[in-house]
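File shown: coords.txt (compact mmCIF, C-alpha atoms).
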```
# COMPACT_ATOMS: atom_id res chain seq x y z
CA MET A 17 -105.17 -90.26 60.59
CA ASP A 18 -102.46 -91.63 62.86
CA PRO A 19 -99.54 -92.56 60.59
CA PHE A 20 -98.64 -95.37 62.98
CA ASP A 21 -102.09 -96.93 62.59
CA ALA A 22 -101.66 -100.45 61.30
CA GLY A 23 -104.93 -100.21 59.39
CA ALA A 24 -105.22 -99.54 55.69
CA GLY A 25 -102.84 -96.82 54.65
CA GLY A 26 -101.02 -96.78 57.98
CA LEU A 27 -97.26 -96.76 58.32
CA LEU A 28 -97.15 -100.53 58.70
CA ARG A 29 -99.48 -101.29 55.78
CA GLN A 30 -97.58 -100.05 52.75
CA PRO A 31 -97.15 -101.60 49.30
CA LYS A 32 -94.09 -103.74 48.64
CA ALA A 33 -92.73 -101.00 46.36
CA VAL A 34 -92.59 -98.59 49.32
CA TRP A 35 -90.83 -101.10 51.56
CA ALA A 36 -88.34 -101.93 48.81
CA THR A 37 -87.49 -98.25 48.30
CA ALA A 38 -87.35 -97.56 52.05
CA GLY A 39 -85.07 -100.56 52.59
CA ALA A 40 -82.69 -99.38 49.89
CA SER A 41 -82.82 -95.91 51.48
CA VAL A 42 -81.58 -97.34 54.76
CA VAL A 43 -78.53 -98.77 53.01
CA ALA A 44 -77.98 -95.54 51.05
CA PHE A 45 -77.84 -93.50 54.24
CA MET A 46 -75.66 -96.13 55.88
CA GLY A 47 -73.04 -95.29 53.29
CA ILE A 48 -72.55 -91.80 54.74
CA GLY A 49 -71.27 -92.96 58.12
CA LEU A 50 -70.01 -96.37 57.07
CA VAL A 51 -66.35 -95.34 56.94
CA ASP A 52 -66.37 -93.51 60.29
CA PRO A 53 -65.14 -96.33 62.55
CA ILE A 54 -62.63 -97.63 59.98
CA LEU A 55 -60.95 -94.33 59.06
CA PRO A 56 -57.89 -95.07 61.23
CA SER A 57 -57.78 -98.63 59.83
CA ILE A 58 -57.91 -97.32 56.27
CA ALA A 59 -55.11 -94.88 57.03
CA GLN A 60 -53.00 -97.69 58.45
CA GLY A 61 -53.85 -100.16 55.68
CA LEU A 62 -53.05 -97.73 52.86
CA ASP A 63 -50.18 -95.97 54.68
CA ALA A 64 -52.07 -92.67 54.46
CA THR A 65 -52.41 -89.63 56.71
CA ALA A 66 -55.61 -88.51 58.40
CA GLY A 67 -55.84 -85.64 55.92
CA GLN A 68 -55.61 -88.00 52.96
CA VAL A 69 -58.21 -90.40 54.32
CA SER A 70 -60.59 -87.55 55.13
CA LEU A 71 -60.80 -86.95 51.39
CA LEU A 72 -63.15 -89.95 51.34
CA PHE A 73 -65.78 -87.56 52.66
CA THR A 74 -64.61 -84.58 50.61
CA SER A 75 -64.80 -86.35 47.24
CA TYR A 76 -68.11 -87.98 48.18
CA PHE A 77 -69.87 -84.75 49.15
CA LEU A 78 -68.24 -82.55 46.52
CA ILE A 79 -69.68 -84.79 43.83
CA THR A 80 -72.98 -84.91 45.75
CA ALA A 81 -73.16 -81.11 45.73
CA PHE A 82 -72.73 -80.82 41.98
CA ALA A 83 -75.07 -83.78 41.45
CA MET A 84 -77.87 -81.70 42.96
CA LEU A 85 -77.95 -79.75 39.70
CA VAL A 86 -78.29 -82.99 37.75
CA THR A 87 -80.70 -85.20 39.69
CA GLY A 88 -83.87 -83.24 38.86
CA PHE A 89 -82.74 -82.90 35.24
CA VAL A 90 -82.30 -86.68 35.02
CA SER A 91 -85.38 -87.84 36.94
CA SER A 92 -87.72 -85.47 35.09
CA ARG A 93 -86.61 -87.08 31.82
CA ILE A 94 -86.16 -90.78 32.55
CA GLY A 95 -88.57 -91.13 35.49
CA GLY A 96 -88.13 -91.88 39.18
CA ARG A 97 -87.75 -95.66 38.91
CA ARG A 98 -84.97 -95.52 36.35
CA THR A 99 -83.21 -92.78 38.31
CA LEU A 100 -83.28 -94.94 41.45
CA LEU A 101 -81.93 -97.93 39.56
CA LEU A 102 -79.20 -95.85 37.93
CA GLY A 103 -78.13 -94.50 41.32
CA LEU A 104 -78.14 -97.96 42.90
CA ALA A 105 -76.15 -99.44 40.02
CA LEU A 106 -73.47 -96.75 40.40
CA VAL A 107 -73.23 -97.39 44.15
CA VAL A 108 -72.89 -101.14 43.62
CA VAL A 109 -70.10 -100.65 41.09
CA PHE A 110 -68.12 -97.97 42.94
CA ALA A 111 -68.57 -99.39 46.44
CA GLY A 112 -67.29 -102.72 45.15
CA LEU A 113 -64.36 -101.05 43.43
CA ALA A 114 -63.57 -99.10 46.61
CA GLY A 115 -62.97 -102.39 48.39
CA THR A 116 -60.31 -103.32 45.82
CA SER A 117 -58.31 -100.09 46.19
CA ASP A 118 -54.54 -100.31 46.55
CA THR A 119 -53.96 -96.59 47.12
CA VAL A 120 -55.82 -93.84 48.93
CA GLY A 121 -56.12 -91.99 45.60
CA GLN A 122 -58.04 -94.87 44.07
CA LEU A 123 -60.29 -95.09 47.12
CA VAL A 124 -61.05 -91.38 47.01
CA GLY A 125 -61.90 -91.59 43.31
CA TYR A 126 -64.22 -94.56 43.76
CA ARG A 127 -65.86 -92.81 46.70
CA ALA A 128 -66.64 -89.89 44.38
CA GLY A 129 -68.44 -92.21 41.97
CA TRP A 130 -70.29 -93.65 44.94
CA GLY A 131 -71.39 -90.12 45.88
CA LEU A 132 -72.88 -89.54 42.44
CA GLY A 133 -74.89 -92.75 42.66
CA ASN A 134 -76.06 -92.01 46.18
CA ALA A 135 -77.13 -88.48 45.19
CA LEU A 136 -79.24 -89.80 42.31
CA PHE A 137 -80.86 -92.32 44.60
CA VAL A 138 -81.61 -90.39 47.80
CA SER A 139 -82.75 -87.23 46.03
CA THR A 140 -85.39 -89.29 44.21
CA ALA A 141 -86.36 -91.84 46.87
CA LEU A 142 -88.72 -89.65 48.91
CA ALA A 143 -90.70 -88.57 45.86
CA VAL A 144 -91.04 -92.21 44.83
CA ILE A 145 -92.10 -93.31 48.33
CA VAL A 146 -94.71 -90.54 48.50
CA GLY A 147 -96.01 -91.42 45.04
CA ALA A 148 -96.32 -95.14 45.80
CA ALA A 149 -97.44 -94.96 49.44
CA ALA A 150 -100.93 -95.69 50.73
CA GLY A 151 -102.64 -93.45 53.26
CA GLY A 152 -101.24 -90.06 52.32
CA SER A 153 -97.81 -88.50 52.39
CA ALA A 154 -97.50 -88.05 56.17
CA ALA A 155 -96.98 -91.78 56.75
CA ALA A 156 -94.67 -92.00 53.73
CA ILE A 157 -92.44 -89.18 54.92
CA LEU A 158 -92.33 -90.60 58.43
CA LEU A 159 -91.22 -93.91 56.93
CA TYR A 160 -88.53 -92.11 54.90
CA GLU A 161 -87.27 -90.17 57.93
CA SER A 162 -87.18 -93.42 59.90
CA ALA A 163 -85.14 -95.04 57.13
CA LEU A 164 -82.76 -92.10 57.19
CA GLY A 165 -82.27 -92.30 60.96
CA LEU A 166 -81.86 -96.06 60.91
CA GLY A 167 -79.30 -95.81 58.12
CA MET A 168 -77.29 -93.09 59.88
CA ALA A 169 -77.28 -95.20 63.06
CA CYS A 170 -76.47 -98.55 61.46
CA GLY A 171 -73.80 -97.31 59.03
CA PRO A 172 -71.07 -96.96 61.67
CA LEU A 173 -72.16 -100.24 63.27
CA LEU A 174 -71.87 -102.15 59.99
CA GLY A 175 -68.55 -100.45 59.31
CA ALA A 176 -67.26 -101.59 62.69
CA LEU A 177 -68.52 -105.18 62.45
CA LEU A 178 -67.14 -105.79 58.97
CA GLY A 179 -64.16 -103.46 59.33
CA ASP A 180 -62.79 -105.29 62.36
CA ALA A 181 -61.67 -108.08 60.01
CA SER A 182 -60.58 -105.81 57.16
CA TRP A 183 -61.26 -102.22 56.16
CA ARG A 184 -62.23 -103.54 52.72
CA TYR A 185 -65.21 -105.60 53.88
CA PRO A 186 -67.61 -102.69 54.64
CA PHE A 187 -67.32 -101.57 51.01
CA PHE A 188 -68.05 -105.06 49.69
CA GLY A 189 -70.91 -105.38 52.19
CA THR A 190 -72.49 -102.13 51.02
CA ALA A 191 -72.21 -103.20 47.39
CA ALA A 192 -73.97 -106.48 48.20
CA LEU A 193 -76.78 -104.79 50.15
CA MET A 194 -77.31 -102.22 47.41
CA ALA A 195 -77.46 -105.03 44.84
CA ILE A 196 -80.28 -106.56 46.88
CA GLY A 197 -81.99 -103.15 46.93
CA PHE A 198 -81.59 -102.94 43.15
CA LEU A 199 -83.33 -106.29 42.72
CA GLY A 200 -86.10 -105.31 45.14
CA ILE A 201 -86.90 -102.09 43.29
CA THR A 202 -86.67 -103.85 39.92
CA VAL A 203 -89.24 -106.42 41.01
CA PHE A 204 -91.64 -104.40 43.17
CA LEU A 205 -91.58 -100.78 41.95
CA LYS A 206 -93.50 -99.75 38.85
CA GLU A 207 -92.54 -96.65 36.91
CA GLN A 208 -93.84 -93.44 38.46
CA PRO A 209 -95.48 -90.65 36.40
CA LYS A 210 -92.98 -88.14 35.06
CA PRO A 211 -93.30 -84.48 36.10
CA ALA A 212 -95.41 -82.30 33.82
CA ARG A 213 -92.47 -79.92 33.43
CA ARG A 214 -88.87 -80.94 32.87
CA THR A 215 -86.28 -79.49 35.24
CA SER A 216 -83.34 -77.65 33.71
CA LEU A 217 -79.80 -77.68 35.06
CA LEU A 218 -80.06 -74.01 36.02
CA ASP A 219 -83.40 -74.15 37.85
CA PRO A 220 -81.85 -74.89 41.28
CA LEU A 221 -79.43 -71.97 40.90
CA LYS A 222 -82.25 -69.65 39.86
CA ALA A 223 -84.23 -70.71 42.93
CA LEU A 224 -81.39 -69.44 45.13
CA GLY A 225 -82.21 -65.93 43.93
CA HIS A 226 -84.99 -65.97 46.54
CA GLY A 227 -83.67 -64.27 49.67
CA GLY A 228 -85.30 -66.68 52.08
CA LEU A 229 -83.98 -69.81 50.38
CA ALA A 230 -80.53 -68.26 50.03
CA SER A 231 -80.56 -67.47 53.76
CA VAL A 232 -81.53 -71.03 54.71
CA ALA A 233 -78.81 -72.41 52.44
CA THR A 234 -76.18 -70.05 53.87
CA SER A 235 -77.05 -70.91 57.46
CA ALA A 236 -77.09 -74.63 56.58
CA PHE A 237 -73.68 -74.26 54.94
CA PHE A 238 -72.15 -73.09 58.24
CA TYR A 239 -74.03 -75.76 60.19
CA ASN A 240 -72.92 -78.57 57.87
CA TYR A 241 -69.29 -77.61 58.41
CA THR A 242 -69.85 -78.27 62.11
CA PHE A 243 -71.82 -81.46 61.45
CA PHE A 244 -69.14 -83.02 59.28
CA THR A 245 -66.28 -81.96 61.49
CA VAL A 246 -67.91 -84.19 64.09
CA LEU A 247 -68.60 -86.99 61.64
CA ALA A 248 -65.30 -87.06 59.74
CA PHE A 249 -62.66 -85.72 62.14
CA THR A 250 -63.76 -86.99 65.56
CA PRO A 251 -62.87 -90.66 64.86
CA PHE A 252 -59.20 -89.67 64.69
CA VAL A 253 -59.50 -87.76 67.96
CA LEU A 254 -61.25 -90.63 69.76
CA ASP A 255 -58.63 -93.08 68.43
CA MET A 256 -60.68 -96.16 69.33
CA THR A 257 -60.98 -99.67 67.92
CA PRO A 258 -63.51 -100.10 65.09
CA TYR A 259 -65.93 -101.79 67.49
CA ALA A 260 -65.73 -99.03 70.09
CA SER A 261 -65.92 -96.25 67.51
CA GLY A 262 -68.83 -98.00 65.81
CA ALA A 263 -70.68 -98.21 69.12
CA VAL A 264 -70.14 -94.50 69.77
CA PHE A 265 -71.48 -93.47 66.38
CA PHE A 266 -74.31 -95.99 66.60
CA ALA A 267 -75.47 -94.25 69.77
CA TRP A 268 -74.93 -90.91 68.00
CA GLY A 269 -77.10 -92.07 65.11
CA LEU A 270 -79.86 -93.30 67.41
CA LEU A 271 -80.07 -89.88 69.07
CA LEU A 272 -80.07 -88.26 65.62
CA ALA A 273 -82.99 -90.45 64.53
CA VAL A 274 -85.05 -89.97 67.70
CA PHE A 275 -84.60 -86.21 67.83
CA SER A 276 -85.17 -85.80 64.10
CA VAL A 277 -88.39 -87.83 63.89
CA LEU A 278 -89.93 -87.49 67.37
CA VAL A 279 -88.48 -84.54 69.30
CA ALA A 280 -87.98 -81.83 66.67
CA PRO A 281 -91.65 -81.65 65.56
CA ARG A 282 -92.80 -81.30 69.17
CA LEU A 283 -90.30 -78.52 69.85
CA GLN A 284 -91.36 -76.72 66.68
CA ARG A 285 -95.02 -76.83 67.61
CA ARG A 286 -94.26 -75.34 71.01
CA PHE A 287 -91.56 -72.76 70.25
CA GLY A 288 -91.54 -72.21 66.46
CA SER A 289 -88.98 -73.31 63.91
CA LEU A 290 -86.57 -70.38 64.10
CA LYS A 291 -86.28 -70.34 67.89
CA VAL A 292 -85.69 -74.09 67.93
CA LEU A 293 -83.09 -73.87 65.17
CA GLY A 294 -81.19 -70.95 66.71
CA GLY A 295 -81.13 -72.54 70.15
CA SER A 296 -80.08 -75.94 68.82
CA LEU A 297 -77.23 -74.42 66.82
CA LEU A 298 -75.88 -72.61 69.89
CA LEU A 299 -76.12 -75.79 71.97
CA LEU A 300 -74.29 -77.69 69.23
CA ALA A 301 -71.55 -75.04 69.26
CA ALA A 302 -71.13 -75.43 73.03
CA ASP A 303 -71.11 -79.23 72.73
CA VAL A 304 -68.44 -79.22 70.02
CA LEU A 305 -66.27 -76.80 72.00
CA VAL A 306 -66.40 -79.04 75.07
CA LEU A 307 -65.69 -82.05 72.84
CA GLY A 308 -62.50 -80.41 71.61
CA TYR A 309 -61.14 -79.44 75.03
CA GLY A 310 -62.44 -82.25 77.24
CA GLY A 311 -60.79 -85.53 78.11
CA HIS A 312 -61.43 -88.79 76.26
CA ALA A 313 -64.58 -89.71 78.19
CA THR A 314 -65.95 -86.20 77.73
CA ALA A 315 -65.23 -86.38 74.00
CA VAL A 316 -67.17 -89.64 73.73
CA VAL A 317 -70.18 -88.22 75.60
CA CYS A 318 -70.18 -85.00 73.58
CA THR A 319 -69.88 -86.89 70.30
CA ILE A 320 -72.96 -88.95 71.15
CA LEU A 321 -74.85 -85.91 72.48
CA SER A 322 -74.20 -83.96 69.28
CA GLY A 323 -76.52 -86.42 67.51
CA ALA A 324 -79.48 -84.90 69.35
CA PHE A 325 -78.75 -81.36 68.17
CA ILE A 326 -77.92 -82.54 64.65
CA GLY A 327 -81.22 -84.43 64.46
CA VAL A 328 -83.20 -81.33 65.45
CA ASN A 329 -81.28 -79.11 63.04
CA ASN A 330 -81.71 -81.49 60.12
CA THR A 331 -85.48 -81.57 60.46
CA VAL A 332 -85.92 -77.82 60.87
CA TYR A 333 -83.55 -76.91 58.03
CA THR A 334 -85.35 -79.30 55.68
CA GLU A 335 -88.76 -77.82 56.42
CA LEU A 336 -87.52 -74.24 56.15
CA ALA A 337 -85.83 -74.91 52.82
CA LEU A 338 -88.98 -76.44 51.41
CA GLY A 339 -91.41 -73.83 52.69
CA VAL A 340 -89.61 -70.52 52.51
CA SER A 341 -89.79 -69.88 48.75
CA ASP A 342 -92.31 -70.25 45.95
CA ALA A 343 -90.04 -72.50 43.89
CA PRO A 344 -91.22 -76.07 43.26
CA ARG A 345 -90.07 -78.14 46.18
CA PRO A 346 -87.74 -80.46 44.22
CA VAL A 347 -86.05 -77.40 42.71
CA ALA A 348 -85.79 -75.56 46.03
CA SER A 349 -84.37 -78.70 47.63
CA ALA A 350 -81.76 -79.09 44.91
CA GLY A 351 -80.61 -75.47 45.24
CA TYR A 352 -80.46 -75.69 49.02
CA ASN A 353 -78.51 -78.94 48.97
CA PHE A 354 -76.16 -77.68 46.27
CA VAL A 355 -74.96 -75.02 48.71
CA ARG A 356 -74.89 -76.97 51.96
CA TRP A 357 -73.07 -80.05 50.67
CA PHE A 358 -70.04 -77.92 49.84
CA ALA A 359 -69.52 -77.49 53.57
CA ALA A 360 -69.80 -81.26 54.03
CA ALA A 361 -66.96 -81.54 51.52
CA ALA A 362 -64.92 -78.73 53.09
CA ALA A 363 -64.96 -79.80 56.74
CA PRO A 364 -63.22 -83.20 56.29
CA PHE A 365 -60.57 -81.47 54.15
CA PHE A 366 -59.80 -78.54 56.41
CA ALA A 367 -60.19 -80.04 59.90
CA PRO A 368 -57.07 -82.28 59.80
CA ARG A 369 -55.07 -79.56 58.11
CA ILE A 370 -56.06 -77.02 60.75
CA GLU A 371 -54.83 -79.52 63.34
CA GLU A 372 -51.50 -79.79 61.49
CA TRP A 373 -51.14 -76.01 61.39
CA THR A 374 -52.19 -75.47 65.02
CA ASP A 375 -53.23 -78.19 67.49
CA ILE A 376 -55.95 -80.78 68.12
CA HIS A 377 -58.31 -78.27 69.76
CA VAL A 378 -58.56 -75.62 67.05
CA PRO A 379 -60.61 -77.64 64.49
CA PHE A 380 -63.35 -77.86 67.09
CA VAL A 381 -63.10 -74.15 67.85
CA VAL A 382 -63.64 -73.47 64.15
CA ALA A 383 -66.58 -75.90 64.12
CA ALA A 384 -68.12 -74.13 67.12
CA VAL A 385 -67.71 -70.76 65.40
CA THR A 386 -69.42 -72.00 62.22
CA ALA A 387 -72.38 -73.28 64.25
CA VAL A 388 -72.68 -69.85 65.87
CA LEU A 389 -72.49 -68.21 62.44
CA GLY A 390 -75.37 -70.42 61.33
CA ALA A 391 -77.40 -69.15 64.29
CA VAL A 392 -76.43 -65.55 63.48
CA VAL A 393 -77.74 -65.93 59.93
CA VAL A 394 -81.03 -67.25 61.33
CA ALA A 395 -81.31 -64.28 63.69
CA VAL A 396 -80.31 -61.59 61.18
CA ARG A 397 -82.43 -63.00 58.35
CA ARG A 398 -85.38 -63.90 60.55
CA GLU A 399 -87.87 -61.86 58.52
CA ALA A 400 -86.80 -63.48 55.24
CA LEU A 401 -86.95 -66.94 56.83
CA THR A 402 -90.39 -66.53 58.35
CA HIS A 403 -92.98 -68.40 56.32
CA GLU A 404 -96.43 -69.53 57.29
CA ALA A 405 -95.80 -73.17 56.41
CA ALA A 406 -92.59 -73.28 58.41
CA GLU A 407 -93.59 -71.18 61.41
CA THR A 408 -97.21 -72.01 62.17
CA ASP A 409 -97.35 -75.73 61.48
CA PRO A 410 -94.20 -77.62 60.48
CA ARG A 411 -96.35 -80.61 59.52
CA HIS A 412 -97.44 -78.81 56.34
CA ALA A 413 -94.20 -79.83 54.70
CA ALA A 414 -95.05 -83.47 55.28
CA GLU A 415 -98.62 -83.05 54.13
CA ASP A 416 -97.52 -81.65 50.79
CA GLY A 417 -95.26 -84.57 49.85
CA VAL A 418 -91.85 -82.93 49.69
CA THR A 419 -88.78 -84.02 47.81
CA VAL A 420 -85.45 -83.46 49.50
CA LEU A 421 -82.03 -84.95 49.81
CA ALA A 422 -82.58 -85.20 53.49
CA ASN A 423 -80.83 -84.45 56.60
```
Take the structure in this file and express it as structure tokens.
Amino acid sequence: MDPFDAGAGGLLRQPKAVWATAGASVVAFMGIGLVDPILPSIAQGLDATAGQVSLLFTSYFLITAFAMLVTGFVSSRIGGRRTLLLGLALVVVFAGLAGTSDTVGQLVGYRAGWGLGNALFVSTALAVIVGAAAGGSAAAILLYESALGLGMACGPLLGALLGDASWRYPFFGTAALMAIGFLGITVFLKEQPKPARRTSLLDPLKALGHGGLASVATSAFFYNYTFFTVLAFTPFVLDMTPYASGAVFFAWGLLLAVFSVLVAPRLQRRFGSLKVLGGSLLLLAADVLVLGYGGHATAVVCTILSGAFIGVNNTVYTELALGVSDAPRPVASAGYNFVRWFAAAAAPFFAPRIEEWTDIHVPFVVAAVTAVLGAVVVAVRREALTHEAAETDPRHAAEDGVTVLAN
């Protein structure tokens, strides 16, 4: 069945519960890149340095990493619907509080609470969409991936539009949109069946004992350092108005969405997952290196272009993580994300400090090196990473209804 078929069970003919969850997912993923175009404005408004403001990402993703050990534990006990509502409620509260911050310390703390809420929501949303969708999981996962791409693209745009008036408005706007999502899920989503087996806090860590999953997580750790150097540090390098920066990262997000949903699966079918991943990581390394040493126009082009490589990498890493081990997919996903989100927390912290210790170019050299290290892990651990579901037909992951804190 064509997932785009508008007939019964097609992508466009889904229950209201699916649309409500997908809509809230868009806003949840918007929150990741929302602060990108307003980072310089926040620094100016709170009299903070680039290093201090970058902690908005560090606190957010550090909490997200540890939350990976908790989300399965919570959702397997209180159910998917209540977990979604709990996550949304936390985002509404902490995003709203973030807009009232008087110091960068307060803002960083509220952003951490926001990260916990977002982790609870996005790690549960795909499972809920698959469970409530009509027409099989392929259409549901495509809808989820589309929501992810749209959110990553629109986050910087919303941040720019609202942030041009005040850096506080994007936080209030996110809180309002998430409150609408909370109401939508409350009204339209019925409680989903609970898993037959409850997930323990240690299950994700035990899953990492599998060599293949550990290899995917290690490679993704290096890659995510590169990814979030681009996302969190580049706005300071570009030094543009919120509108201009928002436009750049909107274009970046569009490429990420297109290459994640449309291009990556085609490349995988033709070349195989590991070749695509290794090649994309090396191209990302080259792109980031040119970004760091090029002029302003070159930096803008390379920032946008990096979205294509990031989109491909996100899709392939997700499918490898979910297919390489025998662990239940929610557990494998939690273990994988527990490792990789630490790099998302580390990059925004270290990149501005590396600049202070050296110069503006070196953070991008480090980011290029970490992308290469990710490719090296893929090459060295190729045998452990090879799995029938990942190598012969990447669509198997979609057909099985996976659960992952995505891309």
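Among A:Gln122, A:Asn134, A:Thr190, A:Asn353, the residue with the shortest atom-to-atom distance to Leu224 (chain A), counting all atoms listed in the file, is A:Asn353.
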Quiz item: Counting only C-alpha atoms, which of A:Phe137, A:Phe45, A:Tyr309, A:Phe89 gets nearest to Pro346 (chain A)?
Solution: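 Answer, going by the shortest atom-to-atom distance: A:Phe89.
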Practice problem: Rank nothing, just name the residue among A:Pro281, A:Gly197, A:Pro364, A:Gly390 nearest to Ser75 (chain A), using only C-alpha atoms. | Solution: A:Pro364
Practice problem: Pick out the closest residue to Ala260 (chain A) from this set: A:Ala337, A:Ala343, A:Leu217, A:Leu173. Count all atoms listed in the file. | Solution: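 The answer is A:Leu173, which sits nearest to Ala260 (chain A).
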Quiz item: Got a sec: who's within 10 Å of Leu50 (chain A), counting all atoms listed in the file, leaving out chain neighbours fewer than 4 positions off, as a ChimeraX atom specification?
Solution: /A:43,45-46,54-55,167-176,179,186-187,190,262,265
Exercise. Work out how far apart CA of Tyr239 (chain A) and CA of Val382 (chain A) are and give it in Å to one decimal.
Key: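 The value is 11.4 Å.
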Quiz item: Do you have the CA of Leu290 (chain A)-CA of Leu78 (chain A) distance handy?
Solution: 28.2 Å
Practice problem: Could you check which of A:Tyr352, A:Phe325, A:Phe266, A:Phe249 is closest to Ala233 (chain A), using only C-alpha atoms? | Solution: A:Tyr352
Self-check item: Closest of A:Ala195, A:Ala59, A:Tyr160, A:Met256 to Gly103 (chain A) - atom-to-atom distances counting only C-alpha atoms
Solution: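 Closest residue, counting only C-alpha atoms: A:Ala195.
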Quiz prompt | CA of Val328 (chain A) to CA of Leu221 (chain A), straight-line distance in Å | solution =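 Between these atoms lies a distance of 26.5 Å.
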Would you kindly place all heavy atoms on region 323-329 of chain A and return the model as a PDB file, in the frame of the given file?
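Output file rebuild-v3.pdb follows:
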```pdb
ATOM      1  N   GLY A 323     -75.492 -85.830  68.365  1.00  0.00           N
ATOM      2  CA  GLY A 323     -76.520 -86.420  67.510  1.00  0.00           C
ATOM      3  C   GLY A 323     -77.893 -85.844  67.764  1.00  0.00           C
ATOM      4  O   GLY A 323     -78.700 -85.702  66.832  1.00  0.00           O
ATOM      5  N   ALA A 324     -78.177 -85.478  69.020  1.00  0.00           N
ATOM      6  CA  ALA A 324     -79.480 -84.900  69.350  1.00  0.00           C
ATOM      7  C   ALA A 324     -79.660 -83.544  68.672  1.00  0.00           C
ATOM      8  O   ALA A 324     -80.693 -83.270  68.046  1.00  0.00           O
ATOM      9  CB  ALA A 324     -79.620 -84.749  70.862  1.00  0.00           C
ATOM     10  N   PHE A 325     -78.653 -82.686  68.777  1.00  0.00           N
ATOM     11  CA  PHE A 325     -78.750 -81.360  68.170  1.00  0.00           C
ATOM     12  C   PHE A 325     -78.752 -81.442  66.645  1.00  0.00           C
ATOM     13  O   PHE A 325     -79.476 -80.702  65.963  1.00  0.00           O
ATOM     14  CB  PHE A 325     -77.580 -80.476  68.647  1.00  0.00           C
ATOM     15  CG  PHE A 325     -77.451 -80.422  70.141  1.00  0.00           C
ATOM     16  CD1 PHE A 325     -76.256 -80.732  70.766  1.00  0.00           C
ATOM     17  CD2 PHE A 325     -78.538 -80.071  70.932  1.00  0.00           C
ATOM     18  CE1 PHE A 325     -76.135 -80.690  72.139  1.00  0.00           C
ATOM     19  CE2 PHE A 325     -78.425 -80.025  72.310  1.00  0.00           C
ATOM     20  CZ  PHE A 325     -77.219 -80.335  72.922  1.00  0.00           C
ATOM     21  N   ILE A 326     -77.959 -82.368  66.103  1.00  0.00           N
ATOM     22  CA  ILE A 326     -77.920 -82.540  64.650  1.00  0.00           C
ATOM     23  C   ILE A 326     -79.262 -83.036  64.134  1.00  0.00           C
ATOM     24  O   ILE A 326     -79.748 -82.591  63.084  1.00  0.00           O
ATOM     25  CB  ILE A 326     -76.776 -83.505  64.270  1.00  0.00           C
ATOM     26  CG1 ILE A 326     -75.428 -82.807  64.481  1.00  0.00           C
ATOM     27  CG2 ILE A 326     -76.902 -83.972  62.820  1.00  0.00           C
ATOM     28  CD1 ILE A 326     -74.229 -83.744  64.369  1.00  0.00           C
ATOM     29  N   GLY A 327     -79.902 -83.953  64.871  1.00  0.00           N
ATOM     30  CA  GLY A 327     -81.220 -84.430  64.460  1.00  0.00           C
ATOM     31  C   GLY A 327     -82.243 -83.323  64.407  1.00  0.00           C
ATOM     32  O   GLY A 327     -83.029 -83.225  63.451  1.00  0.00           O
ATOM     33  N   VAL A 328     -82.266 -82.462  65.425  1.00  0.00           N
ATOM     34  CA  VAL A 328     -83.200 -81.330  65.450  1.00  0.00           C
ATOM     35  C   VAL A 328     -82.910 -80.389  64.281  1.00  0.00           C
ATOM     36  O   VAL A 328     -83.818 -79.973  63.541  1.00  0.00           O
ATOM     37  CB  VAL A 328     -83.107 -80.579  66.783  1.00  0.00           C
ATOM     38  CG1 VAL A 328     -83.896 -79.268  66.721  1.00  0.00           C
ATOM     39  CG2 VAL A 328     -83.633 -81.445  67.921  1.00  0.00           C
ATOM     40  N   ASN A 329     -81.646 -80.051  64.103  1.00  0.00           N
ATOM     41  CA  ASN A 329     -81.280 -79.110  63.040  1.00  0.00           C
ATOM     42  C   ASN A 329     -81.659 -79.640  61.664  1.00  0.00           C
ATOM     43  O   ASN A 329     -82.172 -78.898  60.817  1.00  0.00           O
ATOM     44  CB  ASN A 329     -79.772 -78.831  63.081  1.00  0.00           C
ATOM     45  CG  ASN A 329     -79.345 -78.072  64.315  1.00  0.00           C
ATOM     46  OD1 ASN A 329     -80.154 -77.397  64.954  1.00  0.00           O
ATOM     47  ND2 ASN A 329     -78.079 -78.179  64.673  1.00  0.00           N
TER      48      ASN A 329
END
```
